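Asker: Have a peek at input.pdb (PDB, C-alpha atoms and all ligand atoms).
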```
MODEL        1
ATOM      1  CA  MET A   1      72.643 137.625  78.630
ATOM      2  CA  ILE A   2      75.092 134.782  79.151
ATOM      3  CA  SER A   3      72.343 132.196  79.227
ATOM      4  CA  ARG A   4      70.867 133.579  75.980
ATOM      5  CA  LEU A   5      74.315 133.419  74.336
ATOM      6  CA  SER A   6      74.799 129.895  75.645
ATOM      7  CA  SER A   7      71.552 128.743  74.114
ATOM      8  CA  SER A   8      72.477 130.297  70.761
ATOM      9  CA  VAL A   9      75.790 128.419  70.902
ATOM     10  CA  ILE A  10      73.871 125.217  71.604
ATOM     11  CA  ALA A  11      71.519 125.977  68.695
ATOM     12  CA  ILE A  12      74.439 126.664  66.325
ATOM     13  CA  THR A  13      76.166 123.470  67.468
ATOM     14  CA  ALA A  14      72.962 121.525  66.775
ATOM     15  CA  VAL A  15      72.778 122.955  63.227
ATOM     16  CA  LEU A  16      76.464 122.085  62.770
ATOM     17  CA  SER A  17      75.802 118.485  63.839
ATOM     18  CA  MET A  18      72.883 118.267  61.396
ATOM     19  CA  ALA A  19      75.126 119.537  58.596
ATOM     20  CA  GLU A  20      77.716 116.865  59.461
ATOM     21  CA  ALA A  21      75.068 114.132  59.511
ATOM     22  CA  GLY A  22      73.664 115.381  56.190
ATOM     23  CA  ARG A  23      77.023 114.941  54.485
ATOM     24  CA  ALA A  24      77.752 111.469  55.795
ATOM     25  CA  THR A  25      76.224 108.272  54.459
ATOM     26  CA  SER A  26      76.651 105.364  56.809
ATOM     27  CA  SER A  27      75.405 101.863  57.642
ATOM     28  CA  THR A  28      75.963 100.473  61.137
ATOM     29  CA  PHE A  29      73.285  97.727  60.896
ATOM     30  CA  THR A  30      71.939  98.559  64.340
ATOM     31  CA  ALA A  31      68.450  97.191  63.594
ATOM     32  CA  ASN A  32      68.467  95.588  60.138
ATOM     33  CA  ASP A  33      70.395  95.167  56.845
ATOM     34  CA  GLU A  34      69.665  98.811  55.863
ATOM     35  CA  GLY A  35      68.893  97.795  52.283
ATOM     36  CA  TRP A  36      72.239  96.117  51.554
ATOM     37  CA  ARG A  37      71.985  93.117  49.231
ATOM     38  CA  VAL A  38      74.220  90.311  47.970
ATOM     39  CA  GLY A  39      75.002  89.677  44.309
ATOM     40  CA  ASP A  40      77.896  89.440  41.868
ATOM     41  CA  TYR A  41      80.924  91.737  42.064
ATOM     42  CA  LEU A  42      81.523  92.112  38.329
ATOM     43  CA  VAL A  43      78.263  91.552  36.481
ATOM     44  CA  PRO A  44      74.590  92.470  36.955
ATOM     45  CA  SER A  45      72.827  89.863  39.109
ATOM     46  CA  VAL A  46      69.568  89.162  40.892
ATOM     47  CA  PRO A  47      70.116  90.556  44.410
ATOM     48  CA  SER A  48      69.526  88.377  47.459
ATOM     49  CA  VAL A  49      69.097  89.343  51.109
ATOM     50  CA  PRO A  50      72.152  89.020  53.385
ATOM     51  CA  THR A  51      71.935  87.256  56.727
ATOM     52  CA  TYR A  52      71.328  89.840  59.446
ATOM     53  CA  LEU A  53      72.840  89.228  62.891
ATOM     54  CA  ALA A  54      71.872  91.603  65.710
ATOM     55  CA  ALA A  55      75.014  91.044  67.802
ATOM     56  CA  GLY A  56      78.683  90.176  67.337
ATOM     57  CA  GLY A  57      79.429  93.048  64.964
ATOM     58  CA  ASN A  58      81.842  95.924  65.432
ATOM     59  CA  PRO A  59      79.807  96.558  67.520
ATOM     60  CA  GLY A  60      76.192  95.334  67.491
ATOM     61  CA  GLY A  61      74.391  94.286  64.317
ATOM     62  CA  PHE A  62      76.112  93.358  61.054
ATOM     63  CA  ILE A  63      75.411  91.498  57.817
ATOM     64  CA  ARG A  64      76.877  88.208  56.576
ATOM     65  CA  THR A  65      76.990  86.248  53.349
ATOM     66  CA  ASP A  66      78.332  82.956  52.082
ATOM     67  CA  ASP A  67      79.255  82.179  48.454
ATOM     68  CA  ARG A  68      76.311  83.009  46.229
ATOM     69  CA  SER A  69      77.909  83.974  42.919
ATOM     70  CA  ALA A  70      81.026  83.508  40.780
ATOM     71  CA  TRP A  71      82.426  86.505  42.656
ATOM     72  CA  THR A  72      80.090  87.328  45.543
ATOM     73  CA  ALA A  73      79.767  90.939  46.709
ATOM     74  CA  PHE A  74      77.750  93.173  49.025
ATOM     75  CA  LEU A  75      75.665  95.605  46.944
ATOM     76  CA  ALA A  76      75.148  99.114  48.341
ATOM     77  CA  PRO A  77      71.590 100.502  48.602
ATOM     78  CA  ALA A  78      70.347 103.610  46.770
ATOM     79  CA  ALA A  79      71.592 106.019  49.450
ATOM     80  CA  TYR A  80      75.133 105.372  48.203
ATOM     81  CA  LEU A  81      74.297 105.875  44.524
ATOM     82  CA  GLY A  82      73.592 108.838  42.263
ATOM     83  CA  ASN A  83      75.587 112.032  42.590
ATOM     84  CA  GLN A  84      78.180 111.444  45.333
ATOM     85  CA  SER A  85      80.527 114.244  44.217
ATOM     86  CA  ALA A  86      80.391 115.692  47.742
ATOM     87  CA  PHE A  87      82.611 112.787  48.824
ATOM     88  CA  LEU A  88      85.286 113.265  46.137
ATOM     89  CA  GLY A  89      88.576 113.507  48.012
ATOM     90  CA  GLY A  90      86.961 111.869  51.038
ATOM     91  CA  THR A  91      86.935 108.235  52.098
ATOM     92  CA  LEU A  92      84.885 105.082  51.718
ATOM     93  CA  ARG A  93      85.286 103.139  54.946
ATOM     94  CA  PHE A  94      83.985  99.696  55.938
ATOM     95  CA  ASP A  95      84.783  96.847  58.302
ATOM     96  CA  ILE A  96      85.183  93.296  56.947
ATOM     97  CA  ARG A  97      85.615  90.001  58.788
ATOM     98  CA  ILE A  98      86.499  86.807  56.927
ATOM     99  CA  LEU A  99      87.395  83.222  57.796
ATOM    100  CA  ALA A 100      90.234  82.888  55.264
ATOM    101  CA  SER A 101      91.633  84.339  52.030
ATOM    102  CA  ASP A 102      93.707  83.176  49.064
ATOM    103  CA  PRO A 103      97.321  84.358  48.589
ATOM    104  CA  THR A 104      95.973  86.417  45.657
ATOM    105  CA  VAL A 105      95.399  90.057  46.590
ATOM    106  CA  TYR A 106      91.814  90.913  45.573
ATOM    107  CA  PRO A 107      90.339  94.365  44.923
ATOM    108  CA  PRO A 108      88.060  95.167  47.901
ATOM    109  CA  VAL A 109      85.666  97.595  46.216
ATOM    110  CA  LEU A 110      84.206  98.262  42.774
ATOM    111  CA  LEU A 111      82.335 101.301  41.470
ATOM    112  CA  GLU A 112      80.226 101.759  38.346
ATOM    113  CA  GLY A 113      79.031 104.992  36.834
ATOM    114  CA  ALA A 114      79.115 107.115  33.688
ATOM    115  CA  GLY A 115      79.519 103.894  31.674
ATOM    116  CA  LEU A 116      82.724 102.938  33.518
ATOM    117  CA  GLN A 117      83.522 100.048  35.862
ATOM    118  CA  ILE A 118      86.509 100.656  38.149
ATOM    119  CA  ALA A 119      88.063  98.755  41.065
ATOM    120  CA  ARG A 120      90.576  99.658  43.758
ATOM    121  CA  ILE A 121      93.579  97.346  43.671
ATOM    122  CA  GLY A 122      96.761  97.057  45.742
ATOM    123  CA  VAL A 123      95.066  96.870  49.153
ATOM    124  CA  ALA A 124      96.026  93.946  51.407
ATOM    125  CA  ASN A 125      93.391  91.245  51.957
ATOM    126  CA  PRO A 126      91.649  91.204  55.363
ATOM    127  CA  VAL A 127      93.333  89.350  58.234
ATOM    128  CA  ASN A 128      91.350  86.227  59.179
ATOM    129  CA  ASN A 129      88.764  86.183  61.988
ATOM    130  CA  ILE A 130      89.026  89.811  63.120
ATOM    131  CA  TRP A 131      87.311  93.014  62.042
ATOM    132  CA  ASN A 132      89.494  94.812  59.461
ATOM    133  CA  THR A 133      88.832  98.489  58.778
ATOM    134  CA  PHE A 134      89.281  99.550  55.158
ATOM    135  CA  GLN A 135      89.667 103.251  54.426
ATOM    136  CA  ILE A 136      89.645 103.733  50.676
ATOM    137  CA  ALA A 137      90.517 107.235  49.469
ATOM    138  CA  LEU A 138      87.965 108.584  47.003
ATOM    139  CA  VAL A 139      90.613 109.857  44.600
ATOM    140  CA  GLU A 140      91.758 108.227  41.362
ATOM    141  CA  THR A 141      94.999 106.817  42.841
ATOM    142  CA  GLY A 142      94.961 103.014  42.898
ATOM    143  CA  TRP A 143      91.756 102.680  40.845
ATOM    144  CA  TYR A 144      91.822 100.719  37.570
ATOM    145  CA  HIS A 145      89.378  99.992  34.772
ATOM    146  CA  THR A 146      88.268  96.372  35.159
ATOM    147  CA  THR A 147      88.012  95.971  31.362
ATOM    148  CA  THR A 148      91.408  97.342  30.275
ATOM    149  CA  LEU A 149      93.340  97.397  33.580
ATOM    150  CA  ASN A 150      94.364 100.950  32.675
ATOM    151  CA  PRO A 151      94.660 103.421  35.563
ATOM    152  CA  VAL A 152      91.686 105.723  36.149
ATOM    153  CA  THR A 153      92.202 109.443  35.509
ATOM    154  CA  ALA A 154      91.029 112.158  37.907
ATOM    155  CA  ALA A 155      88.349 113.223  35.396
ATOM    156  CA  GLU A 156      87.091 109.646  35.024
ATOM    157  CA  PHE A 157      86.962 109.146  38.793
ATOM    158  CA  ALA A 158      84.999 112.396  39.177
ATOM    159  CA  SER A 159      82.512 111.331  36.491
ATOM    160  CA  VAL A 160      81.956 107.950  38.187
ATOM    161  CA  MET A 161      81.385 109.622  41.578
ATOM    162  CA  GLY A 162      79.014 112.115  39.949
ATOM    163  CA  ASN A 163      76.720 109.363  38.671
ATOM    164  CA  LEU A 164      77.238 106.189  40.713
ATOM    165  CA  THR A 165      75.105 103.282  39.543
ATOM    166  CA  ALA A 166      76.773 100.565  41.638
ATOM    167  CA  LEU A 167      79.000 100.257  44.702
ATOM    168  CA  ARG A 168      80.043  96.689  45.454
ATOM    169  CA  ILE A 169      82.244  95.461  48.323
ATOM    170  CA  SER A 170      83.922  92.109  47.741
ATOM    171  CA  ALA A 171      82.549  89.215  49.775
ATOM    172  CA  ASP A 172      84.655  86.580  48.034
ATOM    173  CA  TRP A 173      88.197  86.255  49.334
ATOM    174  CA  LEU A 174      88.703  82.517  49.068
ATOM    175  CA  THR A 175      88.587  79.854  46.345
ATOM    176  CA  GLY A 176      86.390  77.702  48.537
ATOM    177  CA  PRO A 177      83.549  78.313  51.013
ATOM    178  CA  ASP A 178      83.507  81.948  52.157
ATOM    179  CA  GLN A 179      81.802  83.499  55.158
ATOM    180  CA  VAL A 180      82.165  87.270  55.027
ATOM    181  CA  ASP A 181      80.822  89.860  57.494
ATOM    182  CA  LEU A 182      80.307  93.585  56.894
ATOM    183  CA  ASP A 183      79.787  96.467  59.346
ATOM    184  CA  ASN A 184      80.265 100.251  59.599
ATOM    185  CA  VAL A 185      80.138 101.217  55.943
ATOM    186  CA  GLY A 186      80.246 104.896  55.146
ATOM    187  CA  PHE A 187      81.184 107.684  52.823
ATOM    188  CA  VAL A 188      83.138 110.232  54.826
ATOM    189  CA  SER A 189      83.756 113.747  53.586
ATOM    190  CA  THR A 190      87.049 115.192  54.814
ATOM    191  CA  VAL A 191      86.533 118.765  53.653
ATOM    192  CA  PRO A 192      83.698 120.678  55.372
ATOM    193  CA  GLU A 193      81.289 122.527  53.079
ATOM    194  CA  PRO A 194      81.573 126.342  53.072
ATOM    195  CA  ALA A 195      78.237 126.670  54.948
ATOM    196  CA  THR A 196      79.589 124.388  57.680
ATOM    197  CA  ILE A 197      82.806 126.393  57.961
ATOM    198  CA  SER A 198      80.908 129.671  58.400
ATOM    199  CA  LEU A 199      78.590 128.078  60.983
ATOM    200  CA  PHE A 200      81.626 126.757  62.800
ATOM    201  CA  GLY A 201      83.138 130.255  62.697
ATOM    202  CA  ALA A 202      79.921 131.717  64.118
ATOM    203  CA  ALA A 203      79.948 129.146  66.918
ATOM    204  CA  ILE A 204      83.570 129.984  67.802
ATOM    205  CA  THR A 205      82.806 133.732  67.782
ATOM    206  CA  ALA A 206      79.754 133.260  69.993
ATOM    207  CA  LEU A 207      81.753 131.084  72.379
ATOM    208  CA  ALA A 208      84.534 133.675  72.613
ATOM    209  CA  PHE A 209      81.989 136.433  73.278
ATOM    210  CA  ALA A 210      80.276 134.379  75.993
ATOM    211  CA  ARG A 211      83.634 133.781  77.670
ATOM    212  CA  ARG A 212      84.516 137.454  77.602
ATOM    213  CA  ARG A 213      81.142 138.378  79.156
ATOM    214  CA  ARG A 214      81.541 135.736  81.810
ATOM    215  CA  GLY A 215      85.042 136.970  82.796
TER     216      GLY A 215
HETATM  217 CA    CA B   1      77.169  97.355  63.759
ENDMDL
END
```
Output the structure of this file as structure tokens.
Answerer:
Amino acid sequence: MISRLSSSVIAITAVLSMAEAGRATSSTFTANDEGWRVGDYLVPSVPSVPTYLAAGGNPGGFIRTDDRSAWTAFLAPAAYLGNQSAFLGGTLRFDIRILASDPTVYPPVLLEGAGLQIARIGVANPVNNIWNTFQIALVETGWYHTTTLNPVTAAEFASVMGNLTALRISADWLTGPDQVDLDNVGFVSTVPEPATISLFGAAITALAFARRRRG
């Protein structure tokens, strides 16, 4: 009886892990560039392939670019685009390593969708020569329209996240020759989906029952 309960707990835990994995989008560059490209931060551009390095990342593989555009950026692949409403209220995280930056504070990330182009401002530039983890909240606070510099409303932010057509991470921090590295990009959802909560509840209940039987 206990062993059967234990295996159902294991099965439920496995389903729970699958649900977690299904809600996360991430790029760790373990084997390749995972479809990330290099182009311009602000305007449509012809994408080019980043340099892939299999070691020296945070950890393992990562991607690198030099200056390739007026404002060079890493361009997210299709997995990050489309309807990303599930991550509203969550976080966009990524690790950046640079050689040097200007005194100017640059916006690290830009989103396009629903006919809007918005950027997150007011985040400190990366520190030179180390991996810097950015955790950008996926709420309207701190986001501005690149055209008007007006703040983004909650409704506008939700419409962009509901129909993302571009996600670009700045790879241009210096007026001069850049070398910018990227690793561990991901959308992270902070609020579990209702199905996950009920599965978690079932797992807890099963665990409690197994304990009681054991005692
Ligand atoms: Ca890596």
Asker: What do you get, as a PDB file with C-alpha atoms, in the frame of the given file, if you spell out every residue that the PyMOL selection byres (((not hetatm)) within 9 of (chain B and resi 1)) selects here?
Answerer:
```pdb
ATOM      1  CA  SER A  27      75.405 101.863  57.642  1.00  0.00           C
ATOM      2  CA  THR A  28      75.963 100.473  61.137  1.00  0.00           C
ATOM      3  CA  PHE A  29      73.285  97.727  60.896  1.00  0.00           C
ATOM      4  CA  THR A  30      71.939  98.559  64.340  1.00  0.00           C
ATOM      5  CA  ALA A  31      68.450  97.191  63.594  1.00  0.00           C
ATOM      6  CA  ALA A  54      71.872  91.603  65.710  1.00  0.00           C
ATOM      7  CA  ALA A  55      75.014  91.044  67.802  1.00  0.00           C
ATOM      8  CA  GLY A  56      78.683  90.176  67.337  1.00  0.00           C
ATOM      9  CA  GLY A  57      79.429  93.048  64.964  1.00  0.00           C
ATOM     10  CA  ASN A  58      81.842  95.924  65.432  1.00  0.00           C
ATOM     11  CA  PRO A  59      79.807  96.558  67.520  1.00  0.00           C
ATOM     12  CA  GLY A  60      76.192  95.334  67.491  1.00  0.00           C
ATOM     13  CA  GLY A  61      74.391  94.286  64.317  1.00  0.00           C
ATOM     14  CA  PHE A  62      76.112  93.358  61.054  1.00  0.00           C
ATOM     15  CA  ILE A  63      75.411  91.498  57.817  1.00  0.00           C
ATOM     16  CA  LEU A 182      80.307  93.585  56.894  1.00  0.00           C
ATOM     17  CA  ASP A 183      79.787  96.467  59.346  1.00  0.00           C
ATOM     18  CA  ASN A 184      80.265 100.251  59.599  1.00  0.00           C
TER      19      ASN A 184
END
```
Asker: Expand the PyMOL selection byres (((chain A and resi 126-138) around 7) and not hetatm) into the individual residues it matches in the shown file, reporting them as a VMD selection string.
Answerer: chain A and resid 88 to 100 124 to 125 139 to 140
Asker: Quick one: residues within 8 Å of (83.8, 89.6, 50.2) (file frame), counting all atoms listed in the file, please, as a ChimeraX atom specification.
Answerer: /A:72-74,96,98,108,169-173,178,180-181
Asker: Apply the PyMOL selection byres (((chain A and resi 39) around 7) and not hetatm) to the displayed file and report the matching residues as a list of chain:residue names.
Answerer: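 Output from the PyMOL selection byres (((chain A and resi 39) around 7) and not hetatm), applied to this file: A:Arg37, A:Val38, A:Asp40, A:Tyr41, A:Ser45, A:Val46, A:Pro47, A:Ser48, A:Ser69, A:Thr72, A:Ala73, A:Phe74, A:Leu75.
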Asker: Can you tell me how far CA of Ile121 in chain A sits from CA of Trp143 in chain A, in Å to one decimal?
Answerer: 6.3 Å
Asker: So for range 87-105 of chain A, what box centre and size do we get, axis-aligned, 4 Å extra on each of the six sides, every listed atom, Å to one decimal, as lines of an AutoDock Vina configuration file?
Answerer:
```
center_x = 90.0
center_y = 98.2
center_z = 52.2
size_x = 22.7
size_y = 38.6
size_z = 21.1
```
Asker: Kindly indicate which residue among A:Leu164, A:Val123, A:Val188, A:Leu116 lies nearest to Thr25 in chain A, using only C-alpha atoms for the distances.
Answerer: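 Closest residue, counting only C-alpha atoms: A:Val188.
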Asker: So the first atom is CA of Ala155 in chain A and the second is CA of Leu167 in chain A; what is the distance between them in Å, to one decimal place?
Answerer: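 CA of Leu167 in chain A lies 18.5 Å from CA of Ala155 in chain A.
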Asker: As an exercise, work out the distance from CA of Glu34 in chain A to CA of Gln84 in chain A in Å and give it to one decimal place.
Answerer: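 The value is 18.5 Å.
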Asker: Considering all atoms listed in the file, can you say which of A:Gly35, A:Pro107, A:Gly142, A:Gly176 comes closest to Ala70 in chain A?
Answerer: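 Looking only at the distances to Ala70 in chain A, the closest residue turns out to be A:Gly176.
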Asker: Is there a way to get, as a compact mmCIF listing (two decimals) with C-alpha atoms, in the coordinates of the input, all residues within 12 Å of the point (81.3, 112.1, 35.7) in file coordinates, counting all atoms listed in the file?
Answerer:
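What landed in result-v8.txt:
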```
# COMPACT_ATOMS: atom_id res chain seq x y z
CA GLY A 82 73.59 108.84 42.26
CA ASN A 83 75.59 112.03 42.59
CA GLN A 84 78.18 111.44 45.33
CA SER A 85 80.53 114.24 44.22
CA LEU A 88 85.29 113.26 46.14
CA GLU A 112 80.23 101.76 38.35
CA GLY A 113 79.03 104.99 36.83
CA ALA A 114 79.11 107.12 33.69
CA GLY A 115 79.52 103.89 31.67
CA LEU A 116 82.72 102.94 33.52
CA THR A 153 92.20 109.44 35.51
CA ALA A 154 91.03 112.16 37.91
CA ALA A 155 88.35 113.22 35.40
CA GLU A 156 87.09 109.65 35.02
CA PHE A 157 86.96 109.15 38.79
CA ALA A 158 85.00 112.40 39.18
CA SER A 159 82.51 111.33 36.49
CA VAL A 160 81.96 107.95 38.19
CA MET A 161 81.39 109.62 41.58
CA GLY A 162 79.01 112.12 39.95
CA ASN A 163 76.72 109.36 38.67
CA LEU A 164 77.24 106.19 40.71
CA THR A 165 75.10 103.28 39.54
```
Asker: From the set A:Arg168, A:Leu42, A:Leu149, A:Ala86, which residue has the shortest atom-to-atom contact distance to Val185 in chain A, counting all atoms listed in the file?
Answerer: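 For Val185 in chain A, the nearest of the given residues is A:Arg168.
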Asker: Taking only C-alpha atoms into account, name the residue in A:Gly186, A:Pro177, A:Leu111, A:Ala119 that is nearest to Arg68 in chain A.
Answerer: A:Pro177
Asker: Find the residue from A:Thr146, A:Thr65, A:Thr51, A:Gln117 that sits nearest to Ala166 in chain A; use all atoms listed in the file when measuring.
Answerer: A:Gln117
